[in-house]
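**Student:** Structure file protein.cif (mmCIF, C-alpha atoms) right here:
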```
data_query
loop_
_atom_site.label_atom_id
_atom_site.label_comp_id
_atom_site.auth_asym_id
_atom_site.auth_seq_id
_atom_site.Cartn_x
_atom_site.Cartn_y
_atom_site.Cartn_z
CA MET A 22 214.08 188.33 70.91
CA ALA A 23 215.21 191.67 72.30
CA LEU A 24 215.53 192.06 76.04
CA LEU A 25 214.53 195.74 75.85
CA GLU A 26 212.60 197.32 73.02
CA VAL A 27 211.66 201.00 73.04
CA LYS A 28 209.56 202.58 70.31
CA ASN A 29 208.57 206.21 69.66
CA LEU A 30 209.29 207.32 73.24
CA THR A 31 208.38 211.00 73.68
CA ILE A 32 207.96 213.38 76.62
CA SER A 33 207.57 217.14 76.90
CA PHE A 34 208.02 219.54 79.80
CA GLY A 35 206.33 222.92 79.52
CA GLY A 36 205.95 222.57 75.77
CA LEU A 37 209.61 221.59 75.28
CA ARG A 38 210.23 218.09 73.92
CA ALA A 39 212.92 216.66 76.18
CA VAL A 40 212.87 213.30 74.38
CA ASP A 41 211.43 213.01 70.89
CA ASP A 42 210.65 209.71 69.12
CA PHE A 43 213.34 207.72 70.92
CA GLN A 44 213.97 204.17 69.64
CA LEU A 45 216.18 201.50 71.19
CA THR A 46 216.67 197.75 70.98
CA ILE A 47 219.03 195.92 73.33
CA LYS A 48 219.73 192.21 73.14
CA LYS A 49 220.29 190.04 76.19
CA GLY A 50 223.92 190.18 77.34
CA GLN A 51 224.82 193.41 75.55
CA LEU A 52 226.87 196.25 76.97
CA TYR A 53 225.17 199.26 75.40
CA GLY A 54 226.00 202.95 75.73
CA LEU A 55 223.82 206.06 75.61
CA ILE A 56 225.89 209.18 75.03
CA GLY A 57 225.43 212.82 74.09
CA PRO A 58 226.19 216.39 75.22
CA ASN A 59 224.87 217.77 78.52
CA GLY A 60 221.13 218.33 78.35
CA ALA A 61 220.68 215.90 75.46
CA GLY A 62 217.97 213.93 77.31
CA LYS A 63 219.95 210.89 78.42
CA THR A 64 218.88 210.87 82.09
CA THR A 65 215.31 211.67 81.01
CA VAL A 66 215.38 208.44 78.98
CA PHE A 67 216.51 206.55 82.10
CA ASN A 68 213.72 208.19 84.10
CA LEU A 69 211.21 207.06 81.50
CA LEU A 70 212.57 203.51 81.48
CA THR A 71 212.36 203.29 85.28
CA GLY A 72 208.96 204.89 85.80
CA VAL A 73 210.12 208.18 87.29
CA TYR A 74 208.34 209.86 84.37
CA LYS A 75 205.43 208.58 82.28
CA PRO A 76 205.88 209.09 78.53
CA ASP A 77 203.49 211.19 76.49
CA GLU A 78 203.85 208.66 73.70
CA GLY A 79 205.66 205.43 72.99
CA ILE A 80 206.05 201.86 74.22
CA ILE A 81 208.64 200.23 76.49
CA ARG A 82 208.85 196.43 76.44
CA LEU A 83 211.02 194.24 78.65
CA GLU A 84 211.18 190.65 77.39
CA ASP A 85 208.10 191.48 75.30
CA LYS A 86 206.17 192.62 78.40
CA ASP A 87 204.71 196.11 78.13
CA ILE A 88 206.00 198.09 81.13
CA THR A 89 205.10 201.54 79.78
CA GLY A 90 203.90 203.88 82.52
CA LEU A 91 204.24 201.38 85.37
CA LYS A 92 205.35 202.59 88.79
CA THR A 93 209.05 202.49 89.63
CA ILE A 94 208.68 199.60 92.07
CA GLU A 95 206.72 197.59 89.50
CA ILE A 96 209.38 198.17 86.86
CA ASN A 97 212.07 197.13 89.33
CA LYS A 98 210.19 193.92 90.08
CA ALA A 99 209.82 193.33 86.34
CA GLY A 100 213.62 193.37 86.07
CA ILE A 101 215.13 196.85 85.63
CA ALA A 102 217.48 198.33 88.24
CA ARG A 103 219.55 201.51 88.09
CA THR A 104 222.20 203.66 89.68
CA PHE A 105 222.35 207.46 89.60
CA GLN A 106 224.83 210.09 88.48
CA ASN A 107 224.67 211.60 91.97
CA ILE A 108 225.10 208.60 94.24
CA ARG A 109 221.93 207.80 96.17
CA LEU A 110 222.84 205.55 99.05
CA PHE A 111 221.17 205.36 102.44
CA LYS A 112 224.19 207.00 104.00
CA GLU A 113 222.94 206.68 107.57
CA LEU A 114 222.71 202.89 107.14
CA SER A 115 225.55 200.40 107.11
CA VAL A 116 227.06 199.03 103.91
CA LEU A 117 225.39 195.69 104.66
CA ASP A 118 221.98 197.23 105.27
CA ASN A 119 222.15 199.17 102.00
CA VAL A 120 222.41 195.90 100.09
CA LYS A 121 219.68 194.33 102.22
CA VAL A 122 217.32 197.11 101.15
CA GLY A 123 217.71 195.85 97.61
CA LEU A 124 216.97 192.28 98.68
CA HIS A 125 213.52 192.99 100.11
CA ASN A 126 211.82 192.32 96.76
CA SER A 127 213.13 188.75 96.88
CA TYR A 128 212.77 188.14 100.62
CA PRO A 129 209.32 189.37 101.68
CA TYR A 130 208.00 188.47 105.10
CA HIS A 131 204.72 189.25 106.79
CA THR A 132 204.56 192.50 108.76
CA LEU A 133 203.50 190.68 111.92
CA GLU A 134 206.60 188.48 111.72
CA GLY A 135 208.74 191.62 111.83
CA ILE A 136 206.77 193.31 114.60
CA PHE A 137 206.69 190.31 116.91
CA ARG A 138 210.08 188.91 115.83
CA LEU A 139 208.61 185.50 114.97
CA PRO A 140 210.88 182.64 113.79
CA GLY A 141 210.19 183.46 110.13
CA TYR A 142 211.66 186.94 110.64
CA TYR A 143 214.97 185.63 112.00
CA ARG A 144 215.20 182.98 109.28
CA MET A 145 214.66 185.59 106.60
CA GLU A 146 217.16 187.99 108.19
CA LYS A 147 219.80 185.24 108.26
CA GLU A 148 219.25 184.44 104.59
CA MET A 149 219.36 188.13 103.64
CA ASN A 150 222.56 188.72 105.61
CA GLU A 151 224.23 185.78 103.87
CA LYS A 152 223.11 186.91 100.40
CA ALA A 153 224.15 190.51 101.08
CA MET A 154 227.59 189.40 102.23
CA GLU A 155 228.00 187.33 99.06
CA LEU A 156 227.34 190.43 96.98
CA LEU A 157 229.68 192.56 99.07
CA LYS A 158 232.47 190.00 98.60
CA VAL A 159 232.03 190.27 94.83
CA PHE A 160 232.83 193.97 95.10
CA ASP A 161 235.51 193.60 97.80
CA LEU A 162 233.30 195.44 100.28
CA ASP A 163 232.76 192.63 102.78
CA GLN A 164 235.40 194.01 105.17
CA GLU A 165 233.45 197.30 105.31
CA ALA A 166 230.05 195.65 105.85
CA ASP A 167 229.55 197.37 109.22
CA TYR A 168 230.76 200.80 108.07
CA LEU A 169 228.28 203.58 107.52
CA ALA A 170 227.81 203.99 103.77
CA ALA A 171 228.68 207.69 104.13
CA ASN A 172 232.16 206.75 105.40
CA LEU A 173 233.17 204.79 102.30
CA PRO A 174 235.56 206.37 99.79
CA TYR A 175 233.84 207.72 96.69
CA GLY A 176 234.84 204.84 94.40
CA LYS A 177 233.56 202.26 96.89
CA GLN A 178 230.27 204.14 97.23
CA ARG A 179 229.86 203.68 93.48
CA LYS A 180 230.50 199.95 93.85
CA LEU A 181 228.05 199.73 96.73
CA GLU A 182 225.33 201.39 94.66
CA ILE A 183 225.87 198.81 91.90
CA ALA A 184 225.81 195.99 94.46
CA ARG A 185 222.51 197.28 95.86
CA ALA A 186 221.02 197.46 92.36
CA LEU A 187 222.12 193.88 91.66
CA ALA A 188 220.49 192.77 94.91
CA THR A 189 217.11 193.32 93.25
CA ASP A 190 218.01 190.52 90.80
CA PRO A 191 217.54 192.59 87.61
CA LYS A 192 217.59 191.50 83.99
CA LEU A 193 218.77 194.93 82.87
CA LEU A 194 221.11 197.23 84.80
CA LEU A 195 221.08 200.96 84.02
CA LEU A 196 224.19 202.89 85.04
CA ASP A 197 223.91 206.69 84.95
CA GLU A 198 227.42 208.12 84.50
CA PRO A 199 229.10 205.62 86.83
CA ALA A 200 232.55 207.15 86.20
CA ALA A 201 231.48 210.68 87.20
CA GLY A 202 233.93 212.13 89.73
CA MET A 203 236.38 209.25 89.41
CA ASN A 204 240.11 209.53 88.77
CA PRO A 205 241.69 207.46 85.94
CA ASN A 206 242.64 204.58 88.25
CA GLU A 207 239.11 204.38 89.67
CA THR A 208 237.68 204.52 86.14
CA GLY A 209 239.88 201.60 85.12
CA GLU A 210 238.67 199.61 88.12
CA LEU A 211 235.08 200.51 87.24
CA MET A 212 235.53 199.16 83.70
CA ASP A 213 236.78 195.89 85.15
CA THR A 214 233.81 195.84 87.55
CA ILE A 215 231.26 196.33 84.77
CA ARG A 216 232.85 193.57 82.68
CA PHE A 217 232.85 191.30 85.73
CA VAL A 218 229.18 192.04 86.48
CA ARG A 219 228.22 191.25 82.91
CA LYS A 220 230.04 187.92 82.97
CA GLU A 221 229.32 186.70 86.50
CA PHE A 222 225.70 187.85 86.68
CA ASP A 223 224.88 187.24 82.99
CA MET A 224 223.82 190.88 83.02
CA THR A 225 222.69 193.20 80.27
CA VAL A 226 223.95 196.74 80.87
CA LEU A 227 222.87 200.11 79.50
CA LEU A 228 225.02 203.02 80.59
CA ILE A 229 225.12 206.78 80.20
CA GLU A 230 228.67 208.06 80.11
CA HIS A 231 230.79 211.04 79.10
CA ASP A 232 234.12 209.25 79.52
CA MET A 233 234.91 208.22 75.94
CA LYS A 234 237.72 205.92 77.02
CA LEU A 235 235.26 203.94 79.12
CA VAL A 236 232.62 203.96 76.38
CA SER A 237 235.00 202.81 73.65
CA GLY A 238 236.53 200.22 75.99
CA ILE A 239 233.38 198.35 77.02
CA CYS A 240 230.36 199.31 74.89
CA GLU A 241 229.54 197.24 71.81
CA GLU A 242 226.90 199.59 70.45
CA LEU A 243 225.93 203.21 71.06
CA THR A 244 223.01 205.55 70.68
CA VAL A 245 223.85 209.26 70.51
CA LEU A 246 221.26 211.80 71.66
CA ASN A 247 221.30 215.52 70.93
CA PHE A 248 218.48 217.90 71.85
CA GLY A 249 216.30 214.94 72.77
CA ARG A 250 216.53 213.24 69.38
CA ILE A 251 218.65 210.37 68.14
CA LEU A 252 221.65 211.62 66.22
CA THR A 253 222.97 208.18 65.27
CA GLN A 254 223.04 204.57 66.43
CA GLY A 255 225.30 201.62 65.67
CA LYS A 256 228.58 199.87 66.42
CA THR A 257 230.77 201.83 68.82
CA ALA A 258 233.71 202.40 66.46
CA ASP A 259 231.43 203.60 63.67
CA VAL A 260 229.50 205.95 65.93
CA LEU A 261 232.56 207.54 67.52
CA ASN A 262 234.00 208.26 64.07
CA ASP A 263 230.76 209.80 62.80
CA PRO A 264 231.30 213.52 61.96
CA GLN A 265 227.87 214.35 63.44
CA VAL A 266 228.95 212.94 66.78
CA ILE A 267 232.26 214.78 66.73
CA THR A 268 230.45 218.04 65.93
CA ALA A 269 227.91 217.51 68.70
CA TYR A 270 230.64 217.07 71.31
CA LEU A 271 232.83 219.89 70.08
CA GLY A 272 229.83 222.18 70.14
CA GLU A 273 228.93 221.24 73.73
#
```
Please, can you express the file's structure as C-alpha cells?
**Tutor:**
Amino acid sequence: MALLEVKNLTISFGGLRAVDDFQLTIKKGQLYGLIGPNGAGKTTVFNLLTGVYKPDEGIIRLEDKDITGLKTIEINKAGIARTFQNIRLFKELSVLDNVKVGLHNSYPYHTLEGIFRLPGYYRMEKEMNEKAMELLKVFDLDQEADYLAANLPYGKQRKLEIARALATDPKLLLLDEPAAGMNPNETGELMDTIRFVRKEFDMTVLLIEHDMKLVSGICEELTVLNFGRILTQGKTADVLNDPQVITAYLGE
C-alpha cells in the first residue's frame, strides 16, 4: 500500500491553473524528488499537501486516509511535516524551544496545569526537554541548545528546521529546496543528513530541489512539473536523461 497517493490534484488562481491534474504515489521509505523550472507549481503542490491551500479538484490520501482539504494542523497530526524554502524558524526563541514547539502535538497538557504550574506541567516540560535534546544531538546542535535560533549559521538553521519538523513525529517529511543558499560543502552535509534521517527515523521523504547533484545522489524516483502539469515521472536516471526534462531546464 502506498504511503501517499495523490489523484487529479488541481487548483487555479485567478483563472490560471497553477497545478493541473497532478498525480503522485510514494511508497513507505522512499526518497522521492519533485523538480521543475521556477514557477512550475512545485511549492503549490506542497501547499496543497499540507493544507495551506484547498484543491479545486482531486484527492490526497495518507495511508489510505483521505486528508483532502483538512487544516494544516490536522494534516500535521495525521503525519505530514514540512520545511520551507525560506527558513521559517522562531528566531526569537532558543534552538531548544524551537524543537519543543514541534513536540507539543505529542505532549499536550491541560491549560490550567501550565497557568498554575502544577506537577503535571513540570513533568511534561522535563520529558519535552529530554526529547528535544535527543533530536538536537542527532543533528549535532545540542551544544547550541541555548542559542537564539537567529544566531545559528545558515546551514545549522536548515538542520534545526528539519529537527523541528521531525519533532512532530511525521510519517512523511516534505523538504522544500533544503539546499537553497548552501555552498557545496553544506550541500554534501545535507545529503548525508537526509540519508541519515531516512535510515534512523524510518522516514519517507519528498523533496523539491534545483540542485541536480543532490537530486541524482539521493532520489530514487522523480516527478517533473512544468507549467503546473506533469512532464514525466519515473526512475531518477531515466527522468534526468529525458529530452523533455533537458529542454524544460534549458528553457528556464
**Student:** Convert the output of the PyMOL selection byres ((chain A and resi 157) around 10) on the shown file into explicit residues, formatted as a list of chain:residue names.
**Tutor:** A:Val116, A:Leu117, A:Val120, A:Glu151, A:Lys152, A:Ala153, A:Met154, A:Glu155, A:Leu156, A:Lys158, A:Val159, A:Phe160, A:Asp161, A:Leu162, A:Asp163, A:Gln164, A:Glu165, A:Ala166, A:Lys180, A:Leu181, A:Ala184, A:Arg185
**Student:** Do you have the CA of Thr257 in chain A-CA of Asn206 in chain A distance handy?
**Tutor:**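 Computing it gives 22.9 Å between the two atoms.
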**Student:** For this structure, which residues satisfy the selection - the PyMOL selection byres ((chain A and resi 196) around 7) - when it is evaluated on the file as given? I want them as JSON, numbers by chain.
**Tutor:** {"A": [103, 104, 105, 194, 195, 197, 198, 199, 227, 228, 229]}
**Student:** List, as a CSV table (one decimal) with C-alpha atoms, in the coordinates of the input, every residue that the PyMOL selection byres ((chain A and resi 211-225) around 8) selects in the file provided.
**Tutor:**
```
chain,number,residue,atom,x,y,z
A,48,LYS,CA,219.7,192.2,73.1
A,49,LYS,CA,220.3,190.0,76.2
A,50,GLY,CA,223.9,190.2,77.3
A,51,GLN,CA,224.8,193.4,75.6
A,52,LEU,CA,226.9,196.2,77.0
A,160,PHE,CA,232.8,194.0,95.1
A,191,PRO,CA,217.5,192.6,87.6
A,192,LYS,CA,217.6,191.5,84.0
A,193,LEU,CA,218.8,194.9,82.9
A,194,LEU,CA,221.1,197.2,84.8
A,199,PRO,CA,229.1,205.6,86.8
A,200,ALA,CA,232.6,207.2,86.2
A,207,GLU,CA,239.1,204.4,89.7
A,208,THR,CA,237.7,204.5,86.1
A,209,GLY,CA,239.9,201.6,85.1
A,210,GLU,CA,238.7,199.6,88.1
A,226,VAL,CA,224.0,196.7,80.9
A,227,LEU,CA,222.9,200.1,79.5
A,235,LEU,CA,235.3,203.9,79.1
A,238,GLY,CA,236.5,200.2,76.0
A,239,ILE,CA,233.4,198.4,77.0
```
**Student:** Nearest residue to Thr189 in chain A out of A:Ile96, A:Val236, A:Leu252, A:Leu261, using only C-alpha atoms?
**Tutor:** A:Ile96
**Student:** Determine the nearest neighbour of Asp41 in chain A from the options A:Ile108, A:Ile251, A:Leu55, A:Val266, counting only C-alpha atoms.
**Tutor:**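 Smallest separation from Asp41 in chain A among the options: A:Ile251.
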**Student:** Report, in Å with one decimal, the straight-line distance from CA of Asn247 in chain A to CA of Arg82 in chain A.
**Tutor:**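 Computing it gives 23.4 Å between the two atoms.
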**Student:** Rounded to one decimal, what separation in Å do you get between CA of Asp77 in chain A and CA of Thr65 in chain A?
**Tutor:**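 One can read the CA of Asp77 in chain A to CA of Thr65 in chain A distance as 12.7 Å.
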**Student:** Name all residues at most 10 Å from Asn126 in chain A (count only C-alpha atoms; drop same-chain ones fewer than 3 positions away) and give them as a ChimeraX atom specification.
**Tutor:** /A:94,97-98,121-123,129-130,188-190
**Student:** Go ahead and write the residues just picked, C-alpha atoms, as a short mmCIF file (atom, residue, chain, number, x, y, z; two decimals), in the frame of the given file.
**Tutor:**
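Dumped to again-v8.cif:
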```cif
data_model
loop_
_atom_site.label_atom_id
_atom_site.label_comp_id
_atom_site.auth_asym_id
_atom_site.auth_seq_id
_atom_site.Cartn_x
_atom_site.Cartn_y
_atom_site.Cartn_z
CA ILE A 94 208.68 199.60 92.07
CA ASN A 97 212.07 197.13 89.33
CA LYS A 98 210.19 193.92 90.08
CA LYS A 121 219.68 194.33 102.22
CA VAL A 122 217.32 197.11 101.15
CA GLY A 123 217.71 195.85 97.61
CA PRO A 129 209.32 189.37 101.68
CA TYR A 130 208.00 188.47 105.10
CA ALA A 188 220.49 192.77 94.91
CA THR A 189 217.11 193.32 93.25
CA ASP A 190 218.01 190.52 90.80
#
```
**Student:** May I have the residues at most 8 Å from (230.3, 207.6, 75.4) in the file's coordinates, counting all atoms listed in the file, as a compact mmCIF listing (two decimals) with C-alpha atoms, in the coordinates of the input?
**Tutor:**
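Output below, filename selection.txt:
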```txt
# COMPACT_ATOMS: atom_id res chain seq x y z
CA GLY A 54 226.00 202.95 75.73
CA LEU A 55 223.82 206.06 75.61
CA ILE A 56 225.89 209.18 75.03
CA GLY A 57 225.43 212.82 74.09
CA ILE A 229 225.12 206.78 80.20
CA GLU A 230 228.67 208.06 80.11
CA HIS A 231 230.79 211.04 79.10
CA ASP A 232 234.12 209.25 79.52
CA MET A 233 234.91 208.22 75.94
CA LYS A 234 237.72 205.92 77.02
CA LEU A 235 235.26 203.94 79.12
CA VAL A 236 232.62 203.96 76.38
CA SER A 237 235.00 202.81 73.65
CA LEU A 243 225.93 203.21 71.06
```
**Student:** Can you work out which one of A:Leu169, A:Leu246, A:Leu83, A:Ile88 has the shortest atom-to-atom distance to Val66 in chain A, counting only C-alpha atoms?
**Tutor:** A:Leu246
**Student:** Might I get the box with edges along x, y and z of the file that holds all atoms of range 173-187 of chain A listed there, padded by 4 Å on every side, given as centre and edge lengths in Å to one decimal, as AutoDock Vina command-line options?
**Tutor:**
```
--center_x 228.3 --center_y 200.8 --center_z 97.0 --size_x 22.5 --size_y 21.8 --size_z 18.6
```
**Student:** Take range 207-218 of chain A, bring it up to all heavy atoms, and give me the output as a CSV table (one decimal), in the coordinates of the input.
**Tutor:**
```csv
chain,number,residue,atom,x,y,z
A,207,GLU,N,240.4,204.8,89.3
A,207,GLU,CA,239.1,204.4,89.7
A,207,GLU,C,238.3,204.0,88.4
A,207,GLU,O,237.5,203.1,88.5
A,207,GLU,CB,238.4,205.5,90.5
A,207,GLU,CG,239.0,205.7,91.9
A,207,GLU,CD,238.4,206.9,92.6
A,207,GLU,OE1,238.0,207.8,91.9
A,207,GLU,OE2,238.4,206.8,93.9
A,208,THR,N,238.4,204.8,87.4
A,208,THR,CA,237.7,204.5,86.1
A,208,THR,C,238.1,203.2,85.6
A,208,THR,O,237.3,202.4,85.1
A,208,THR,CB,237.9,205.6,85.1
A,208,THR,OG1,237.4,206.9,85.6
A,208,THR,CG2,237.2,205.3,83.8
A,209,GLY,N,239.4,202.9,85.6
A,209,GLY,CA,239.9,201.6,85.1
A,209,GLY,C,239.3,200.5,85.9
A,209,GLY,O,238.9,199.4,85.4
A,210,GLU,N,239.3,200.6,87.3
A,210,GLU,CA,238.7,199.6,88.1
A,210,GLU,C,237.2,199.4,87.8
A,210,GLU,O,236.6,198.3,87.8
A,210,GLU,CB,238.9,200.0,89.6
A,210,GLU,CG,240.3,199.9,90.1
A,210,GLU,CD,240.5,200.3,91.5
A,210,GLU,OE1,239.4,200.6,92.2
A,210,GLU,OE2,241.6,200.4,92.0
A,211,LEU,N,236.5,200.6,87.6
A,211,LEU,CA,235.1,200.5,87.2
A,211,LEU,C,234.8,199.7,86.0
A,211,LEU,O,233.9,198.9,85.9
A,211,LEU,CB,234.5,201.9,87.1
A,211,LEU,CG,233.0,202.0,86.7
A,211,LEU,CD1,232.1,201.5,87.8
A,211,LEU,CD2,232.7,203.4,86.3
A,212,MET,N,235.7,199.9,84.9
A,212,MET,CA,235.5,199.2,83.7
A,212,MET,C,235.7,197.7,84.0
A,212,MET,O,234.9,196.9,83.4
A,212,MET,CB,236.6,199.6,82.7
A,212,MET,CG,236.4,201.0,82.1
A,212,MET,SD,237.8,201.6,81.1
A,212,MET,CE,237.6,200.6,79.7
A,213,ASP,N,236.6,197.3,84.8
A,213,ASP,CA,236.8,195.9,85.2
A,213,ASP,C,235.5,195.4,85.9
A,213,ASP,O,235.1,194.2,85.7
A,213,ASP,CB,238.0,195.7,86.0
A,213,ASP,CG,239.3,195.9,85.3
A,213,ASP,OD1,239.3,195.8,84.0
A,213,ASP,OD2,240.3,196.2,85.9
A,214,THR,N,235.0,196.2,86.8
A,214,THR,CA,233.8,195.8,87.6
A,214,THR,C,232.6,195.6,86.6
A,214,THR,O,231.9,194.6,86.8
A,214,THR,CB,233.5,196.9,88.6
A,214,THR,OG1,234.5,197.1,89.5
A,214,THR,CG2,232.2,196.6,89.3
A,215,ILE,N,232.4,196.5,85.7
A,215,ILE,CA,231.3,196.3,84.8
A,215,ILE,C,231.4,195.1,83.9
A,215,ILE,O,230.4,194.3,83.7
A,215,ILE,CB,231.1,197.6,83.9
A,215,ILE,CG1,230.8,198.8,84.7
A,215,ILE,CG2,230.0,197.3,82.8
A,215,ILE,CD1,230.8,200.1,84.0
A,216,ARG,N,232.6,194.8,83.4
A,216,ARG,CA,232.8,193.6,82.7
A,216,ARG,C,232.6,192.3,83.5
A,216,ARG,O,232.0,191.4,83.1
A,216,ARG,CB,234.3,193.5,82.2
A,216,ARG,CG,234.6,194.6,81.1
A,216,ARG,CD,236.0,194.3,80.5
A,216,ARG,NE,236.5,195.3,79.6
A,216,ARG,CZ,237.3,196.3,80.0
A,216,ARG,NH1,237.9,196.2,81.2
A,216,ARG,NH2,237.7,197.2,79.1
A,217,PHE,N,233.0,192.4,84.8
A,217,PHE,CA,232.8,191.3,85.7
A,217,PHE,C,231.4,191.1,86.0
A,217,PHE,O,230.9,189.9,86.0
A,217,PHE,CB,233.6,191.6,87.0
A,217,PHE,CG,233.4,190.5,88.1
A,217,PHE,CD1,234.2,189.4,88.1
A,217,PHE,CD2,232.4,190.6,89.1
A,217,PHE,CE1,234.1,188.4,89.0
A,217,PHE,CE2,232.3,189.6,90.0
A,217,PHE,CZ,233.1,188.5,90.0
A,218,VAL,N,230.6,192.1,86.2
A,218,VAL,CA,229.2,192.0,86.5
A,218,VAL,C,228.5,191.4,85.3
A,218,VAL,O,227.6,190.5,85.5
A,218,VAL,CB,228.6,193.4,86.8
A,218,VAL,CG1,227.1,193.4,86.7
A,218,VAL,CG2,229.0,193.9,88.2
```
